[in-house]
file structure.cif (mmCIF, C-alpha atoms and all ligand atoms)
data_input
loop_
_atom_site.label_atom_id
_atom_site.label_comp_id
_atom_site.auth_asym_id
_atom_site.auth_seq_id
_atom_site.Cartn_x
_atom_site.Cartn_y
_atom_site.Cartn_z
CA MET I 1 -68.92 100.73 -11.56
CA ALA I 2 -72.04 102.83 -12.07
CA THR I 3 -71.57 106.34 -13.47
CA ALA I 4 -72.30 109.13 -11.00
CA ALA I 5 -73.73 112.59 -11.76
CA VAL I 6 -71.40 115.35 -12.95
CA ARG I 7 -69.50 117.03 -10.08
CA GLY I 8 -71.42 120.01 -8.74
CA PHE I 9 -74.66 118.88 -10.39
CA LYS I 10 -77.19 117.66 -7.87
CA ASP I 11 -80.27 115.48 -8.02
CA ILE I 12 -83.32 116.82 -6.25
CA LEU I 13 -84.83 113.70 -4.75
CA PRO I 14 -88.56 113.05 -4.21
CA GLY I 15 -88.29 113.80 -0.48
CA GLU I 16 -86.86 117.28 -1.21
CA VAL I 17 -89.15 118.29 -4.04
CA SER I 18 -91.84 119.49 -1.63
CA TYR I 19 -89.77 122.45 -0.45
CA TRP I 20 -88.79 123.34 -4.00
CA ARG I 21 -92.48 123.43 -4.81
CA LYS I 22 -93.21 125.55 -1.76
CA ILE I 23 -90.52 128.03 -2.78
CA GLU I 24 -91.80 128.24 -6.34
CA GLU I 25 -95.39 128.69 -5.20
CA THR I 26 -94.49 131.39 -2.68
CA ALA I 27 -92.40 133.23 -5.27
CA ARG I 28 -95.16 133.00 -7.89
CA ASP I 29 -97.69 134.29 -5.41
CA THR I 30 -95.49 137.21 -4.39
CA PHE I 31 -94.86 138.09 -8.05
CA ARG I 32 -98.58 137.87 -8.83
CA VAL I 33 -99.58 140.33 -6.13
CA SER I 34 -96.75 142.64 -7.21
CA GLY I 35 -97.76 142.57 -10.90
CA PHE I 36 -94.77 140.64 -12.26
CA GLN I 37 -95.39 138.31 -15.21
CA GLU I 38 -93.55 135.07 -15.88
CA ILE I 39 -91.24 134.65 -18.85
CA ARG I 40 -89.49 131.37 -19.72
CA ILE I 41 -86.25 131.57 -21.65
CA PRO I 42 -83.70 129.04 -22.93
CA ILE I 43 -80.81 127.93 -20.75
CA LEU I 44 -78.42 128.13 -23.71
CA GLU I 45 -77.44 131.41 -25.35
CA LYS I 46 -74.79 132.62 -27.76
CA THR I 47 -71.65 133.26 -25.73
CA GLU I 48 -71.48 136.91 -26.82
CA ILE I 49 -74.66 137.64 -24.82
CA PHE I 50 -72.81 136.96 -21.59
CA ALA I 51 -69.45 138.35 -22.66
CA ARG I 52 -71.13 141.64 -23.61
CA GLY I 53 -73.66 141.61 -20.82
CA ILE I 54 -71.79 140.47 -17.73
CA GLY I 55 -68.43 141.91 -18.79
CA GLU I 56 -65.19 140.37 -20.03
CA HIS I 57 -63.27 141.05 -16.83
CA THR I 58 -65.54 139.37 -14.33
CA ASP I 59 -65.02 136.08 -12.52
CA ILE I 60 -68.04 134.63 -14.29
CA VAL I 61 -66.89 135.34 -17.84
CA GLU I 62 -63.20 134.84 -17.20
CA LYS I 63 -63.37 131.48 -15.50
CA GLU I 64 -66.81 130.17 -14.61
CA MET I 65 -68.76 129.72 -17.85
CA TYR I 66 -69.70 126.43 -19.47
CA THR I 67 -68.84 127.42 -23.01
CA PHE I 68 -68.56 125.07 -25.96
CA THR I 69 -68.61 125.05 -29.73
CA ASP I 70 -71.60 123.20 -31.10
CA ARG I 71 -71.72 121.10 -34.27
CA SER I 72 -72.41 124.17 -36.38
CA GLY I 73 -69.28 125.88 -35.06
CA ASP I 74 -71.20 128.43 -32.93
CA SER I 75 -69.89 129.35 -29.50
CA LEU I 76 -72.66 128.69 -26.99
CA THR I 77 -72.82 129.03 -23.22
CA LEU I 78 -75.03 127.50 -20.54
CA ARG I 79 -76.40 130.58 -18.84
CA PRO I 80 -74.50 131.58 -15.68
CA GLU I 81 -77.24 134.07 -14.77
CA ALA I 82 -80.63 135.07 -16.10
CA THR I 83 -80.61 138.81 -16.76
CA ALA I 84 -78.60 138.90 -19.98
CA GLY I 85 -80.69 136.19 -21.67
CA LEU I 86 -83.93 137.68 -20.41
CA LEU I 87 -83.02 141.06 -21.86
CA ARG I 88 -82.03 139.35 -25.11
CA ALA I 89 -85.59 138.00 -25.26
CA VAL I 90 -87.09 141.40 -24.40
CA ILE I 91 -85.11 142.99 -27.23
CA GLU I 92 -85.73 140.19 -29.72
CA HIS I 93 -89.51 140.25 -29.21
CA LYS I 94 -89.66 144.01 -28.70
CA LEU I 95 -91.66 143.42 -25.52
CA TYR I 96 -91.05 147.04 -24.51
CA GLY I 97 -93.13 148.13 -27.53
CA ARG I 98 -96.31 146.78 -26.01
CA GLN I 99 -95.66 147.87 -22.45
CA PRO I 100 -93.36 150.76 -21.59
CA LEU I 101 -92.74 149.23 -18.18
CA LEU I 102 -92.02 145.52 -18.07
CA LYS I 103 -92.17 143.61 -14.82
CA LEU I 104 -90.93 140.07 -15.46
CA PHE I 105 -89.85 137.06 -13.45
CA THR I 106 -88.32 133.72 -14.32
CA MET I 107 -86.92 130.75 -12.44
CA GLY I 108 -84.63 127.91 -13.35
CA PRO I 109 -81.13 126.46 -13.42
CA MET I 110 -77.90 128.45 -13.87
CA PHE I 111 -74.45 127.00 -14.56
CA ARG I 112 -71.06 128.11 -13.27
CA HIS I 113 -67.83 126.14 -13.18
CA GLU I 114 -66.88 126.94 -9.58
CA ARG I 115 -65.45 124.81 -6.81
CA PRO I 116 -68.42 122.89 -5.36
CA GLN I 117 -68.92 123.37 -1.61
CA LYS I 118 -71.70 124.22 0.82
CA GLY I 119 -73.99 126.71 -0.92
CA ARG I 120 -72.00 126.51 -4.14
CA LEU I 121 -72.90 124.20 -6.98
CA ARG I 122 -72.15 124.07 -10.67
CA GLN I 123 -75.78 123.76 -11.56
CA PHE I 124 -77.82 125.88 -9.16
CA HIS I 125 -81.21 127.54 -9.34
CA GLN I 126 -82.34 131.11 -9.19
CA ILE I 127 -85.58 133.01 -8.95
CA ASN I 128 -85.19 136.25 -10.90
CA ALA I 129 -87.25 139.38 -11.20
CA GLU I 130 -86.58 142.35 -13.45
CA ALA I 131 -88.32 145.73 -13.77
CA ILE I 132 -87.36 147.10 -17.19
CA GLY I 133 -88.04 150.56 -18.62
CA THR I 134 -87.75 152.76 -15.54
CA VAL I 135 -85.12 154.74 -13.67
CA ALA I 136 -87.52 155.39 -10.80
CA PRO I 137 -86.08 154.63 -7.34
CA ALA I 138 -89.49 153.16 -6.53
CA ALA I 139 -88.65 150.24 -8.84
CA ASP I 140 -85.38 149.56 -6.99
CA ALA I 141 -87.26 149.60 -3.71
CA GLU I 142 -89.99 147.34 -5.05
CA VAL I 143 -87.52 144.73 -6.31
CA ILE I 144 -85.71 144.68 -2.95
CA TRP I 145 -88.99 144.55 -1.07
CA MET I 146 -90.15 141.61 -3.20
CA ALA I 147 -86.94 139.63 -2.64
CA TRP I 148 -87.26 140.34 1.07
CA ARG I 149 -90.92 139.31 1.10
CA ILE I 150 -90.25 135.96 -0.59
CA LEU I 151 -87.40 135.21 1.80
CA GLU I 152 -89.31 136.40 4.85
CA ARG I 153 -92.16 134.04 3.99
CA LEU I 154 -89.88 131.03 3.62
CA ALA I 155 -86.67 131.33 5.61
CA SER I 156 -86.45 130.92 9.34
CA GLY I 157 -82.81 131.95 9.75
CA ALA I 158 -81.59 135.47 10.47
CA MET I 159 -81.24 137.68 7.38
CA ARG I 160 -80.32 141.21 6.53
CA ILE I 161 -80.35 143.46 3.50
CA GLU I 162 -77.08 145.19 2.67
CA LEU I 163 -77.51 148.16 0.41
CA ASN I 164 -75.17 150.39 -1.56
CA SER I 165 -75.07 152.59 -4.61
CA ILE I 166 -72.11 152.19 -6.91
CA GLY I 167 -72.76 155.40 -8.84
CA CYS I 168 -72.98 155.72 -12.59
CA PRO I 169 -70.64 156.17 -15.58
CA LEU I 170 -70.63 159.91 -14.81
CA CYS I 171 -69.34 159.73 -11.27
CA ARG I 172 -67.45 156.45 -11.31
CA PRO I 173 -64.41 157.58 -13.37
CA PHE I 174 -63.39 160.04 -10.63
CA HIS I 175 -63.61 157.34 -8.01
CA ARG I 176 -61.83 154.89 -10.27
CA GLU I 177 -58.87 157.22 -10.66
CA ASP I 178 -58.43 157.59 -6.90
CA LEU I 179 -59.04 153.89 -6.35
CA ILE I 180 -56.35 152.90 -8.86
CA LEU I 181 -53.95 155.25 -7.13
CA TYR I 182 -54.78 153.73 -3.74
CA LEU I 183 -54.46 150.20 -5.10
CA SER I 184 -51.06 150.94 -6.61
CA ARG I 185 -49.86 152.02 -3.16
CA ILE I 186 -51.01 148.85 -1.43
CA SER I 187 -50.34 146.57 -4.39
CA ALA I 188 -47.52 144.63 -2.71
CA LYS I 189 -49.83 143.55 0.11
CA LEU I 190 -52.74 142.43 -2.09
CA CYS I 191 -53.37 138.85 -3.15
CA THR I 192 -52.29 137.89 -6.68
CA GLU I 193 -55.87 137.89 -7.88
CA CYS I 194 -56.48 141.41 -6.55
CA ARG I 195 -53.26 142.67 -8.05
CA ARG I 196 -54.59 141.51 -11.39
CA ARG I 197 -58.03 142.95 -10.69
CA SER I 198 -56.45 146.31 -9.83
CA LYS I 199 -55.57 146.58 -13.50
CA THR I 200 -58.57 144.95 -15.19
CA ASN I 201 -61.49 145.77 -12.90
CA PRO I 202 -60.39 147.74 -9.81
CA LEU I 203 -63.84 147.98 -8.23
CA ARG I 204 -63.87 144.18 -7.92
CA VAL I 205 -61.07 144.33 -5.33
CA PHE I 206 -63.80 145.35 -2.85
CA ASP I 207 -65.36 141.93 -3.46
CA CYS I 208 -62.27 139.92 -2.45
CA LYS I 209 -63.04 137.36 0.24
CA ASN I 210 -59.45 137.29 1.65
CA ASP I 211 -59.11 138.95 5.05
CA PRO I 212 -55.84 140.86 4.36
CA CYS I 213 -57.33 142.39 1.19
CA ARG I 214 -60.56 143.24 3.01
CA GLU I 215 -58.61 144.90 5.78
CA LEU I 216 -56.67 146.99 3.27
CA MET I 217 -59.86 147.98 1.45
CA GLN I 218 -61.29 149.41 4.67
CA ARG I 219 -59.24 152.52 3.94
CA ALA I 220 -59.86 152.59 0.19
CA PRO I 221 -61.72 155.54 -1.34
CA LEU I 222 -65.45 154.83 -1.20
CA LEU I 223 -67.89 155.48 -4.00
CA GLN I 224 -70.28 157.25 -1.66
CA HIS I 225 -67.96 160.27 -1.63
CA TYR I 226 -68.06 160.58 -5.40
CA TYR I 227 -71.78 160.40 -6.27
CA CYS I 228 -73.01 162.93 -8.80
CA PRO I 229 -76.12 164.82 -7.61
CA GLU I 230 -78.44 162.49 -9.57
CA CYS I 231 -76.91 159.36 -8.07
CA GLY I 232 -77.00 160.88 -4.60
CA ASP I 233 -80.69 161.80 -4.94
CA HIS I 234 -81.58 158.45 -6.45
CA PHE I 235 -79.98 156.53 -3.60
CA ALA I 236 -81.56 158.79 -0.97
CA GLU I 237 -84.99 158.14 -2.46
CA VAL I 238 -84.50 154.34 -2.54
CA ILE I 239 -83.60 154.57 1.14
CA ARG I 240 -86.63 156.72 1.94
CA ILE I 241 -89.03 154.31 0.25
CA LEU I 242 -87.54 151.25 1.95
CA LYS I 243 -87.90 153.00 5.30
CA ARG I 244 -91.51 153.85 4.53
CA LEU I 245 -92.12 150.19 3.70
CA ASP I 246 -90.50 149.21 6.97
CA ILE I 247 -88.01 146.97 5.19
CA PRO I 248 -84.91 146.57 7.36
CA PHE I 249 -81.53 147.25 5.72
CA VAL I 250 -78.03 148.39 6.48
CA ILE I 251 -75.88 150.52 4.20
CA ASN I 252 -72.70 148.73 3.26
CA PRO I 253 -70.47 151.20 1.41
CA TYR I 254 -68.04 148.38 0.52
CA LEU I 255 -70.64 146.35 -1.34
CA VAL I 256 -69.96 145.89 -5.07
CA ARG I 257 -71.27 143.15 -7.32
CA GLY I 258 -69.46 140.58 -9.43
CA LEU I 259 -71.12 141.62 -12.68
CA ASP I 260 -70.06 144.67 -14.65
CA TYR I 261 -73.50 145.82 -15.67
CA TYR I 262 -74.57 147.27 -12.35
CA VAL I 263 -74.99 151.00 -11.75
CA ARG I 264 -76.38 152.85 -8.75
CA THR I 265 -78.40 150.55 -6.47
CA THR I 266 -76.78 147.26 -5.52
CA PHE I 267 -77.89 144.99 -2.74
CA GLU I 268 -77.39 141.62 -1.17
CA ILE I 269 -79.48 139.73 1.33
CA THR I 270 -77.18 137.80 3.61
CA SER I 271 -77.52 135.38 6.48
CA PRO I 272 -74.91 134.45 9.09
CA ASP I 273 -76.51 130.98 9.12
CA LEU I 274 -75.14 130.25 5.64
CA GLY I 275 -71.43 130.15 6.54
CA ALA I 276 -68.90 131.29 3.96
CA GLN I 277 -71.42 131.61 1.10
CA SER I 278 -73.59 134.01 3.05
CA THR I 279 -75.50 135.73 0.24
CA VAL I 280 -78.92 134.27 -0.44
CA ALA I 281 -80.15 136.95 -2.84
CA ALA I 282 -78.58 139.81 -4.74
CA GLY I 283 -79.33 142.37 -7.37
CA GLY I 284 -79.23 145.92 -8.52
CA ARG I 285 -79.75 148.42 -11.27
CA TYR I 286 -78.38 147.97 -14.81
CA ASP I 287 -79.34 151.06 -16.79
CA GLY I 288 -76.95 150.69 -19.74
CA LEU I 289 -77.34 146.97 -20.27
CA VAL I 290 -80.28 146.80 -22.67
CA LYS I 291 -78.47 149.22 -24.96
CA ASP I 292 -75.18 147.30 -24.66
CA LEU I 293 -77.04 144.21 -25.80
CA GLY I 294 -78.22 145.99 -28.94
CA GLY I 295 -81.63 147.18 -27.73
CA PRO I 296 -83.08 150.61 -26.99
CA ASP I 297 -81.79 152.68 -24.09
CA LEU I 298 -83.94 151.17 -21.35
CA ALA I 299 -83.14 151.30 -17.68
CA GLY I 300 -83.72 148.30 -15.46
CA VAL I 301 -83.35 146.83 -12.01
CA GLY I 302 -83.49 143.22 -10.91
CA MET I 303 -82.79 140.61 -8.31
CA ALA I 304 -81.87 136.94 -8.04
CA ILE I 305 -82.56 134.57 -5.17
CA GLY I 306 -80.34 131.49 -4.89
CA VAL I 307 -82.77 128.64 -4.29
CA GLU I 308 -80.26 126.13 -2.85
CA ARG I 309 -79.08 128.71 -0.31
CA LEU I 310 -82.66 129.60 0.56
CA ILE I 311 -83.34 125.93 1.24
CA LEU I 312 -80.48 125.94 3.76
CA LEU I 313 -82.37 128.67 5.65
CA MET I 314 -85.70 126.86 5.74
CA ASP I 315 -87.24 124.61 8.34
CA ARG I 316 -87.46 121.49 6.29
CA ALA I 317 -90.17 118.97 6.87
CA GLU I 318 -90.86 116.38 4.24
CA ALA I 319 -94.34 116.59 2.82
CA ASP I 320 -96.81 113.85 3.62
CA HIS I 321 -97.06 111.69 0.54
CA ALA I 322 -99.69 109.31 1.95
CA ILE I 323 -102.36 108.33 -0.53
CA ASP I 324 -106.08 108.35 0.24
CA LEU I 325 -106.78 104.71 -0.35
CA PHE I 326 -105.33 101.41 -1.41
CA ILE I 327 -107.37 98.65 -2.85
CA CYS I 328 -106.39 95.05 -2.17
CA ALA I 329 -108.00 93.11 -4.98
CA LEU I 330 -107.64 89.33 -4.75
CA GLY I 331 -108.33 87.08 -7.70
CA PRO I 332 -108.99 87.86 -11.38
CA THR I 333 -112.66 88.90 -11.15
CA ALA I 334 -112.04 91.27 -8.25
CA ARG I 335 -109.04 92.82 -9.99
CA LYS I 336 -111.06 93.45 -13.16
CA LYS I 337 -113.79 95.07 -11.10
CA ALA I 338 -111.37 97.25 -9.15
CA VAL I 339 -109.66 98.93 -12.10
CA PRO I 340 -112.66 101.10 -13.15
CA TRP I 341 -113.23 101.99 -9.49
CA ILE I 342 -109.70 103.33 -9.32
CA LYS I 343 -110.25 105.27 -12.52
CA ASN I 344 -113.41 106.77 -11.05
CA TRP I 345 -111.73 107.77 -7.78
CA ARG I 346 -108.71 109.24 -9.51
CA ASN I 347 -110.88 111.25 -11.91
CA ASN I 348 -112.59 112.68 -8.85
CA GLY I 349 -109.30 113.68 -7.24
CA VAL I 350 -108.99 110.80 -4.77
CA SER I 351 -105.52 109.26 -4.75
CA ALA I 352 -106.05 105.54 -5.16
CA GLN I 353 -103.69 102.66 -5.90
CA MET I 354 -103.66 98.90 -6.22
CA SER I 355 -100.81 96.50 -6.73
CA TYR I 356 -99.86 95.74 -10.32
CA GLU I 357 -99.81 92.04 -9.65
CA ASP I 358 -102.26 89.67 -7.98
CA LYS I 359 -100.52 88.90 -4.69
CA SER I 360 -101.59 87.45 -1.36
CA LEU I 361 -103.70 89.57 0.99
CA LYS I 362 -100.75 89.74 3.36
CA ALA I 363 -98.44 91.06 0.63
CA GLN I 364 -101.00 93.58 -0.56
CA MET I 365 -101.72 94.82 2.96
CA LYS I 366 -98.00 95.31 3.45
CA GLN I 367 -97.89 97.40 0.29
CA ALA I 368 -100.95 99.38 1.45
CA ASP I 369 -99.13 100.11 4.69
CA ARG I 370 -96.06 101.39 2.87
CA THR I 371 -98.13 103.84 0.83
CA GLY I 372 -99.51 105.26 4.06
CA ALA I 373 -103.09 104.82 2.77
CA ARG I 374 -105.67 105.89 5.32
CA GLN I 375 -108.39 103.66 3.90
CA VAL I 376 -108.02 100.19 2.45
CA VAL I 377 -110.67 98.49 0.38
CA ILE I 378 -110.41 94.71 0.39
CA VAL I 379 -112.19 92.83 -2.35
CA GLY I 380 -111.92 89.15 -3.28
CA ASP I 381 -113.80 86.95 -5.71
CA ASN I 382 -115.71 85.36 -2.80
CA GLU I 383 -116.87 88.71 -1.42
CA LEU I 384 -117.96 89.78 -4.86
CA GLU I 385 -120.25 86.78 -5.11
CA LYS I 386 -121.89 87.98 -1.90
CA GLY I 387 -121.99 91.52 -3.24
CA ILE I 388 -119.85 93.02 -0.48
CA VAL I 389 -116.40 94.53 0.02
CA THR I 390 -114.53 95.38 3.22
CA VAL I 391 -113.46 98.93 3.96
CA ARG I 392 -110.79 99.25 6.61
CA ASP I 393 -109.92 102.53 8.28
CA MET I 394 -106.17 102.26 8.89
CA VAL I 395 -106.13 105.22 11.28
CA ALA I 396 -109.05 104.23 13.51
CA HIS I 397 -108.32 100.50 13.08
CA GLU I 398 -111.98 99.78 12.27
CA GLN I 399 -113.49 97.91 9.41
CA ARG I 400 -116.91 97.32 7.97
CA ASP I 401 -118.57 95.58 5.04
CA VAL I 402 -120.31 97.66 2.43
CA SER I 403 -122.28 96.73 -0.64
CA VAL I 404 -120.41 96.58 -3.95
CA ASP I 405 -122.85 99.00 -5.55
CA GLU I 406 -122.17 101.66 -2.94
CA VAL I 407 -118.44 101.30 -2.57
CA VAL I 408 -117.32 103.94 -5.09
CA GLU I 409 -119.39 106.76 -3.61
CA LEU I 410 -119.14 105.68 -0.03
CA VAL I 411 -115.37 105.47 -0.02
CA GLU I 412 -115.17 108.85 -1.69
CA ASP I 413 -117.32 110.30 1.11
CA ILE I 414 -115.16 108.71 3.79
CA VAL I 415 -111.97 110.00 2.20
CA ARG I 416 -113.37 113.50 1.94
CA SER I 417 -114.63 113.68 5.50
CA PRO I 418 -112.12 115.26 7.88
CA TYR I 419 -110.02 113.05 10.12
P1 LIG I 501 -71.12 134.68 -4.61
O1 LIG I 501 -70.44 135.89 -4.12
O2 LIG I 501 -71.75 133.88 -3.54
O3 LIG I 501 -70.30 133.89 -5.57
P2 LIG I 501 -72.35 135.94 -6.84
O4 LIG I 501 -72.08 137.38 -6.65
O5 LIG I 501 -71.51 135.19 -7.79
O6 LIG I 501 -72.37 135.21 -5.44
P3 LIG I 501 -74.86 136.35 -8.17
O7 LIG I 501 -74.30 136.20 -9.51
O8 LIG I 501 -75.25 137.68 -7.73
O9 LIG I 501 -73.87 135.70 -7.12
O10 LIG I 501 -76.06 135.33 -7.98
C1 LIG I 501 -77.17 135.59 -7.13
C2 LIG I 501 -77.37 134.48 -6.15
O11 LIG I 501 -77.30 133.22 -6.77
C3 LIG I 501 -76.33 134.41 -5.07
O12 LIG I 501 -76.61 135.31 -4.04
C4 LIG I 501 -76.46 132.98 -4.59
O13 LIG I 501 -77.57 132.85 -3.71
C5 LIG I 501 -76.78 132.26 -5.87
N1 LIG I 501 -75.55 131.65 -6.40
C6 LIG I 501 -74.59 132.22 -7.14
N2 LIG I 501 -73.64 131.33 -7.48
C7 LIG I 501 -74.04 130.14 -6.94
C8 LIG I 501 -73.50 128.82 -6.95
N3 LIG I 501 -72.37 128.52 -7.59
N4 LIG I 501 -74.17 127.85 -6.30
C9 LIG I 501 -75.32 128.11 -5.64
N5 LIG I 501 -75.88 129.33 -5.61
C10 LIG I 501 -75.26 130.34 -6.24
MG MG I 502 -69.80 133.96 -7.61
#
call {"tool": "encode", "arguments": {"input": "structure.cif", "output": "structure tokens"}}
result
Amino acid sequence: MATAAVRGFKDILPGEVSYWRKIEETARDTFRVSGFQEIRIPILEKTEIFARGIGEHTDIVEKEMYTFTDRSGDSLTLRPEATAGLLRAVIEHKLYGRQPLLKLFTMGPMFRHERPQKGRLRQFHQINAEAIGTVAPAADAEVIWMAWRILERLASGAMRIELNSIGCPLCRPFHREDLILYLSRISAKLCTECRRRSKTNPLRVFDCKNDPCRELMQRAPLLQHYYCPECGDHFAEVIRILKRLDIPFVINPYLVRGLDYYVRTTFEITSPDLGAQSTVAAGGRYDGLVKDLGGPDLAGVGMAIGVERLILLMDRAEADHAIDLFICALGPTARKKAVPWIKNWRNNGVSAQMSYEDKSLKAQMKQADRTGARQVVIVGDNELEKGIVTVRDMVAHEQRDVSVDEVVELVEDIVRSPY
């Protein structure tokens, strides 16, 4: 039996690649006009980067990472997200030294050992953007606006931005105390996982997907009542800017994120069309993270778009892969003649093909048909003697003879003229 791909790892087949390309191009274009530069980083990092960055008591680090010991005995991990590795690169190359404000984007595969289902893979792809070196609420708004813009240009399904602020290390301890107290009172009714979370990472209980836990958390103390003045002002300003930009959002005071590094602004872009995995993009602010990773005390805010989920929200039409022309060359002399023609056309940007083997006209025409070629050039040894070739327009169903000397230029003209 043939070996299949690893569970949760998916092939992107030729018919699908066109929408991947469209997504990448749209994202690149949006980043360009917003002044974000591309950075490309490895998909493998030392495990400590994620353990320190994402947090020990998060679902990702506790149970989702692809971690292994390599032949040198180092513990390495396939990146489950991009921010920690990207910041590692920023610190390692001291990128902040050259530019006090860094606006970076990257795209590529991420790896998490989760249960594969609709919208959830083990290798999935993200488009990430990070604004590093600023606490300004304008940066939070810009990152959200950019995520929204990319999605708005591509997705046809309904979407909404859910926004929250989860405070900072100054205000959170007071909330945490009250939350732990509340959780201890409802502990018996919580799911096993949440009972554990209550001890290790109480804020994460807000993120439980089980209805009974969600119901119970409706009455839990909310962070919004604990903001310090700075966090309150910061959030109010993010809101003001988003309103000025006319970006639609709703405040969701229950929204927390699955990674420990977030402070203040957190957001998700969700769509009811996605089913259970309804979040297509997410992000937030991570002011202490660069320092935690051994760098200077730089603030930052970022976002990640899940490409596979975005694809589920797109109107998908396969791209037209038809080539411009196919050349049916019959007999050895004609085939020798045709090869430099093809080279010429291709060098000039015309997509041209011929069959690798000398086959009958019927077989070659069949192949031409399959490629979807709009023009077919038919050349045989007999025609060559007469100095002519036949050019057939497969769309208009017309054909004519042209002189061998003119064929290269003439066909190029025909192909370039609009249909
Ligand atoms: P979820 O709650 O859906 O598990 P998350 O909080 O783990 O999401 P993030 O770490 O914030 O997700 O990742 C950002 C985005 O990446 C998600 O909104 C989603 O679009 C995408 N994503 C995350 N995990 C997966 C996965 N296993 N398969 C496909 N896409 C994913
Ligand atoms: Mg997850």
call {"tool": "residues_around", "arguments": {"input": "structure.cif", "residues": "range 52-69 of chain I", "least_positions_apart": "4", "cutoff": "7 Å", "atoms": "only C-alpha atoms", "output": "list in words"}}
result
Glu48, Gly73, Asp74, Ser75, Leu76, Thr77, Leu78, Pro80, Ala84, Phe111, Arg112, His113, Glu114, Thr200, Asn201, Gly258, Leu259, Asp260, Tyr261, Leu289 and Leu293 of chain I
call {"tool": "write_last_selection", "arguments": {"input": "structure.cif", "atoms": "C-alpha atoms", "output": "CSV table (one decimal), in the coordinates of the input"}}
result
chain,number,residue,atom,x,y,z
I,48,GLU,CA,-71.5,136.9,-26.8
I,73,GLY,CA,-69.3,125.9,-35.1
I,74,ASP,CA,-71.2,128.4,-32.9
I,75,SER,CA,-69.9,129.4,-29.5
I,76,LEU,CA,-72.7,128.7,-27.0
I,77,THR,CA,-72.8,129.0,-23.2
I,78,LEU,CA,-75.0,127.5,-20.5
I,80,PRO,CA,-74.5,131.6,-15.7
I,84,ALA,CA,-78.6,138.9,-20.0
I,111,PHE,CA,-74.4,127.0,-14.6
I,112,ARG,CA,-71.1,128.1,-13.3
I,113,HIS,CA,-67.8,126.1,-13.2
I,114,GLU,CA,-66.9,126.9,-9.6
I,200,THR,CA,-58.6,145.0,-15.2
I,201,ASN,CA,-61.5,145.8,-12.9
I,258,GLY,CA,-69.5,140.6,-9.4
I,259,LEU,CA,-71.1,141.6,-12.7
I,260,ASP,CA,-70.1,144.7,-14.6
I,261,TYR,CA,-73.5,145.8,-15.7
I,289,LEU,CA,-77.3,147.0,-20.3
I,293,LEU,CA,-77.0,144.2,-25.8
call {"tool": "residues_near_point", "arguments": {"input": "structure.cif", "point": "(-109.2, 101.2, -0.6)", "cutoff": "8 Å", "atoms": "only C-alpha atoms", "output": "list in words"}}
result
Asp324, Leu325, Phe326, Ile327, Cys328, Ala352, Gln353, Ala373, Gln375, Val376, Val377, Ile378, Val391, Arg392 and Val411 of chain I
call {"tool": "closest_residue", "arguments": {"input": "structure.cif", "among": "I:Ser271, I:Asn252, I:Thr279, I:Thr30", "to": "ligand MG 502 (chain I)", "atoms": "all atoms listed in the file"}}
result
I:Thr279
call {"tool": "closest_atom_pairs", "arguments": {"input": "structure.cif", "of": "chain I", "to": "ligand LIG 501 (chain I)", "cutoff": "9 Å", "atoms": "only C-alpha atoms and all ligand atoms", "output": "CSV"}}
result
residue,atom,partner,partner_atom,distance
I:Gly8,CA,I:LIG501,N3,8.6
I:Asp59,CA,I:LIG501,O5,8.1
I:Ile60,CA,I:LIG501,O5,7.4
I:Pro80,CA,I:LIG501,O7,7.7
I:Glu81,CA,I:LIG501,O7,6.4
I:Met110,CA,I:LIG501,C7,8.1
I:Phe111,CA,I:LIG501,N3,7.4
I:Arg112,CA,I:LIG501,N3,5.8
I:His113,CA,I:LIG501,N3,7.6
I:Glu114,CA,I:LIG501,N3,6.0
I:Arg115,CA,I:LIG501,N3,7.9
I:Pro116,CA,I:LIG501,N3,7.2
I:Gln117,CA,I:LIG501,N4,8.3
I:Lys118,CA,I:LIG501,C9,8.4
I:Gly119,CA,I:LIG501,C9,5.1
I:Arg120,CA,I:LIG501,N4,3.3
I:Leu121,CA,I:LIG501,N4,3.9
I:Arg122,CA,I:LIG501,N3,5.4
I:Gln123,CA,I:LIG501,N4,6.9
I:Phe124,CA,I:LIG501,C9,4.9
I:His125,CA,I:LIG501,N5,6.7
I:Gln126,CA,I:LIG501,O11,6.0
I:Ile127,CA,I:LIG501,O11,8.6
I:Asn128,CA,I:LIG501,C1,8.9
I:Asp207,CA,I:LIG501,O1,7.9
I:Lys209,CA,I:LIG501,O1,8.7
I:Val256,CA,I:LIG501,O4,8.9
I:Arg257,CA,I:LIG501,O4,5.9
I:Gly258,CA,I:LIG501,O4,5.0
I:Leu259,CA,I:LIG501,O7,7.0
I:Glu268,CA,I:LIG501,O12,7.0
I:Ile269,CA,I:LIG501,O12,7.5
I:Thr270,CA,I:LIG501,O12,8.1
I:Ala276,CA,I:LIG501,O2,8.4
I:Gln277,CA,I:LIG501,O2,5.2
I:Ser278,CA,I:LIG501,O2,6.8
I:Thr279,CA,I:LIG501,O12,4.4
I:Val280,CA,I:LIG501,O13,3.8
I:Ala281,CA,I:LIG501,O12,4.1
I:Ala282,CA,I:LIG501,O8,5.0
I:Gly283,CA,I:LIG501,O8,6.2
I:Met303,CA,I:LIG501,C1,7.6
I:Ala304,CA,I:LIG501,C1,5.0
I:Ile305,CA,I:LIG501,C2,5.3
I:Gly306,CA,I:LIG501,O13,3.3
I:Val307,CA,I:LIG501,O13,6.7
I:Glu308,CA,I:LIG501,C9,6.0
I:Arg309,CA,I:LIG501,O13,5.6
I:Leu310,CA,I:LIG501,O13,7.4
call {"tool": "closest_residue", "arguments": {"input": "structure.cif", "among": "I:Leu87, I:Val404, I:Leu312, I:Val350", "to": "Pro296 in chain I", "atoms": "only C-alpha atoms"}}
result
I:Leu87
